[in-house]
Amino acid sequence: ATSTATATATADMDMGEPDGEPLTAAPLAHVLIDERLPCEAAVLHERLFSDNSPWLKGFKESGGGSQYRQAPWVSRGRGRGSRDLAFVQAVNSRLSPVSETRVNEAQRYQHVEGADGTTSAYMVLTVVQTVDVPFSTHFSTHMKWVITSASEPEGSCRLLVTCELVWVKSTWLKGQIEGNVMSETRTKHTDAVPTIKTLANESTSTSTPTTTTPTPSTTPTPTPTPTPTPTPTPT
């Protein structure tokens with residue numbers, strides 16, 4: 001494991017599958033946030049996930065993150081996109097011999113228009129991998145953010161955030177690890193709800209979002225730096 005003195009955010013890594021199966025709105029195993037918000041789905045997506053939004057960086061830092069790096073969205077066509085994040089996360093678990101770890105996060109995006117032309121769904125799947133903690137090669141944490149248009153009241157949307165751990169190796173500590181990860185993840189997302197509600201309320205004065213879908217970047221994506229890459233943790 002990397003010592004606490006040398007842990008630094010690695011270059012962005014393409015751990016996702018941007019050209020894989022289309023994303024769906026089907027929830028993952030654990031519900032973290034389920035809120036009806038007073039703004040259009042496109043506006044909320046813009047406020048949370050656009051390249052120029054400061055919200056995601058602030059969300060990571062409020063949960064103990066530092067050295068945050070974010071590549072721009074890259075368009076994959078058909079309403080899809082992908083980007084990578086990297087940061088250093090403080091570790092509070094008594095199971096871990098390190099007090100911080102590098103984290104790599106791959107994000108996939110998809111926008112789907114309803115058949116009636118008035119409804120939309122914006123989906124972001126994140127695959128989070130910690131590098132320096134014990135058993136990091138055993139699992140990854142998957143998060144799904146789904147923002148959908150709501151019919152009532154008009155101009156509102158629903159935000160559903162779900163999560164699950166995906167295991168590729170077994171360990172006798174699996175239950176304890178999963179319990180710790182889910183507890184920390186749930187707390188971070190519960191704490192984020194007031195800020196999200198504030199953004200949604202501020203967004204009611206925004207007529208149209210400036211960037212609701214990823215576009216090809218003119219900035220070169222950072223060259224990946226090899227790191228011990230298990231399978232894609234907590235956000």
# chains A, B, ... in the order shown; residues from 1 in each chain; ligands from 1

call {"tool": "closest_atom_pairs", "arguments": {"of": "region 132-151 of chain A", "to": "region 99-119 of chain A", "cutoff": "9 Å", "atoms": "only C-alpha atoms", "output": "Markdown table"}}
result
| residue | atom | partner | partner_atom | distance |
| --- | --- | --- | --- | --- |
| A:Asp132 | CA | A:Thr101 | CA | 5.0 |
| A:Val133 | CA | A:Thr101 | CA | 6.4 |
| A:Thr148 | CA | A:Thr119 | CA | 7.4 |
| A:Ser149 | CA | A:Thr119 | CA | 5.3 |
| A:Ala150 | CA | A:Thr119 | CA | 7.7 |
| A:Ser151 | CA | A:Thr119 | CA | 8.3 |

call {"tool": "write_last_selection", "arguments": {"atoms": "C-alpha atoms", "output": "tab-separated table (two decimals), in the first residue's frame"}}
result
chain	number	residue	atom	x	y	z
A	132	ASP	CA	-4.03	1.95	-1.77
A	133	VAL	CA	-6.37	0.32	0.76
A	148	THR	CA	-35.82	12.25	-15.01
A	149	SER	CA	-38.47	14.76	-16.01
A	150	ALA	CA	-41.52	14.77	-13.73
A	151	SER	CA	-45.03	15.43	-14.98

call {"tool": "select_by_dssp", "arguments": {"residues": "region 4-223 of chain A", "states": "alpha helix (DSSP H)", "output": "PyMOL selection string"}}
result
chain A and resi 41-49+55-62+174-203

call {"tool": "residues_around", "arguments": {"residues": "Trp55 (chain A)", "least_positions_apart": "3", "cutoff": "12 Å", "atoms": "only C-alpha atoms", "output": "JSON list (two decimals) with C-alpha atoms, in the first residue's frame"}}
result
[["chain", "number", "residue", "atom", "x", "y", "z"],
["A", 44, "LEU", "CA", -30.17, 19.90, -12.73],
["A", 45, "HIS", "CA", -27.88, 17.69, -14.82],
["A", 46, "GLU", "CA", -26.05, 20.81, -15.98],
["A", 47, "ARG", "CA", -25.65, 22.07, -12.40],
["A", 48, "LEU", "CA", -24.28, 18.75, -11.14],
["A", 49, "PHE", "CA", -22.27, 17.26, -13.98],
["A", 50, "SER", "CA", -21.26, 19.79, -16.63],
["A", 51, "ASP", "CA", -17.54, 20.36, -17.11],
["A", 52, "ASN", "CA", -17.78, 23.90, -15.72],
["A", 58, "GLY", "CA", -16.96, 20.52, -3.74],
["A", 59, "PHE", "CA", -18.85, 17.28, -3.08],
["A", 60, "LYS", "CA", -15.66, 15.22, -3.14],
["A", 61, "GLU", "CA", -13.78, 17.70, -0.95],
["A", 62, "SER", "CA", -16.58, 17.88, 1.61],
["A", 192, "ALA", "CA", -25.19, 16.50, 0.03],
["A", 195, "THR", "CA", -26.79, 21.62, -1.33],
["A", 196, "ILE", "CA", -28.48, 19.83, -4.23],
["A", 198, "THR", "CA", -30.28, 24.78, -3.12],
["A", 199, "LEU", "CA", -28.89, 24.30, -6.63]]

call {"tool": "atom_distance", "arguments": {"atom1": "CA of Pro27 (chain A)", "atom2": "CA of Lys144 (chain A)"}}
result
7.2 Å

call {"tool": "atom_distance", "arguments": {"atom1": "CA of His30 (chain A)", "atom2": "CA of Ser136 (chain A)"}}
result
20.4 Å

call {"tool": "residues_around", "arguments": {"residues": "region 185-190 of chain A", "least_positions_apart": "4", "cutoff": "9 Å", "atoms": "only C-alpha atoms", "output": "PDB file with N, CA and C atoms, in the first residue's frame"}}
result
ATOM      1  N   VAL A  31     -30.560   2.481  -2.334  1.00  0.00           N
ATOM      2  CA  VAL A  31     -31.001   3.844  -2.635  1.00  0.00           C
ATOM      3  C   VAL A  31     -30.330   4.806  -1.658  1.00  0.00           C
ATOM      4  N   LEU A  32     -29.673   5.841  -2.202  1.00  0.00           N
ATOM      5  CA  LEU A  32     -29.006   6.854  -1.392  1.00  0.00           C
ATOM      6  C   LEU A  32     -29.781   8.164  -1.373  1.00  0.00           C
ATOM      7  N   ILE A  33     -30.314   8.565  -2.512  1.00  0.00           N
ATOM      8  CA  ILE A  33     -31.085   9.804  -2.626  1.00  0.00           C
ATOM      9  C   ILE A  33     -32.286   9.535  -3.518  1.00  0.00           C
ATOM     10  N   PHE A  59     -18.294  18.481  -3.695  1.00  0.00           N
ATOM     11  CA  PHE A  59     -18.853  17.278  -3.080  1.00  0.00           C
ATOM     12  C   PHE A  59     -17.752  16.325  -2.642  1.00  0.00           C
ATOM     13  N   SER A  62     -15.833  17.881   0.363  1.00  0.00           N
ATOM     14  CA  SER A  62     -16.584  17.882   1.614  1.00  0.00           C
ATOM     15  C   SER A  62     -16.569  16.503   2.274  1.00  0.00           C
ATOM     16  N   GLY A  63     -16.305  15.455   1.489  1.00  0.00           N
ATOM     17  CA  GLY A  63     -16.238  14.099   2.023  1.00  0.00           C
ATOM     18  C   GLY A  63     -14.836  13.635   2.324  1.00  0.00           C
ATOM     19  N   VAL A 161     -30.474   8.404  -6.794  1.00  0.00           N
ATOM     20  CA  VAL A 161     -29.070   7.987  -6.722  1.00  0.00           C
ATOM     21  C   VAL A 161     -29.011   6.641  -6.017  1.00  0.00           C
ATOM     22  N   CYS A 163     -26.605   2.776  -5.428  1.00  0.00           N
ATOM     23  CA  CYS A 163     -25.221   2.337  -5.266  1.00  0.00           C
ATOM     24  C   CYS A 163     -25.172   0.840  -5.012  1.00  0.00           C
ATOM     25  N   ASN A 180     -19.024  -0.955   6.051  1.00  0.00           N
ATOM     26  CA  ASN A 180     -18.314   0.309   6.248  1.00  0.00           C
ATOM     27  C   ASN A 180     -18.444   1.228   5.042  1.00  0.00           C
ATOM     28  N   VAL A 181     -18.246   0.654   3.850  1.00  0.00           N
ATOM     29  CA  VAL A 181     -18.317   1.461   2.628  1.00  0.00           C
ATOM     30  C   VAL A 181     -19.708   2.055   2.453  1.00  0.00           C
ATOM     31  N   PRO A 194     -29.047  18.849   1.020  1.00  0.00           N
ATOM     32  CA  PRO A 194     -29.377  20.282   1.132  1.00  0.00           C
ATOM     33  C   PRO A 194     -28.724  21.141   0.051  1.00  0.00           C
ATOM     34  N   PRO A 234     -15.266   4.001  -2.252  1.00  0.00           N
ATOM     35  CA  PRO A 234     -16.423   4.805  -2.016  1.00  0.00           C
ATOM     36  C   PRO A 234     -16.258   6.195  -2.568  1.00  0.00           C
ATOM     37  N   THR A 235     -17.388   6.768  -2.903  1.00  0.00           N
ATOM     38  CA  THR A 235     -17.318   8.085  -3.425  1.00  0.00           C
ATOM     39  C   THR A 235     -17.309   9.110  -2.319  1.00  0.00           C
TER      40      THR A 235
END

call {"tool": "closest_residue", "arguments": {"among": "A:Lys174, A:Lys57, A:Lys197, A:Arg94", "to": "His138 (chain A)", "atoms": "only C-alpha atoms"}}
result
A:Lys174
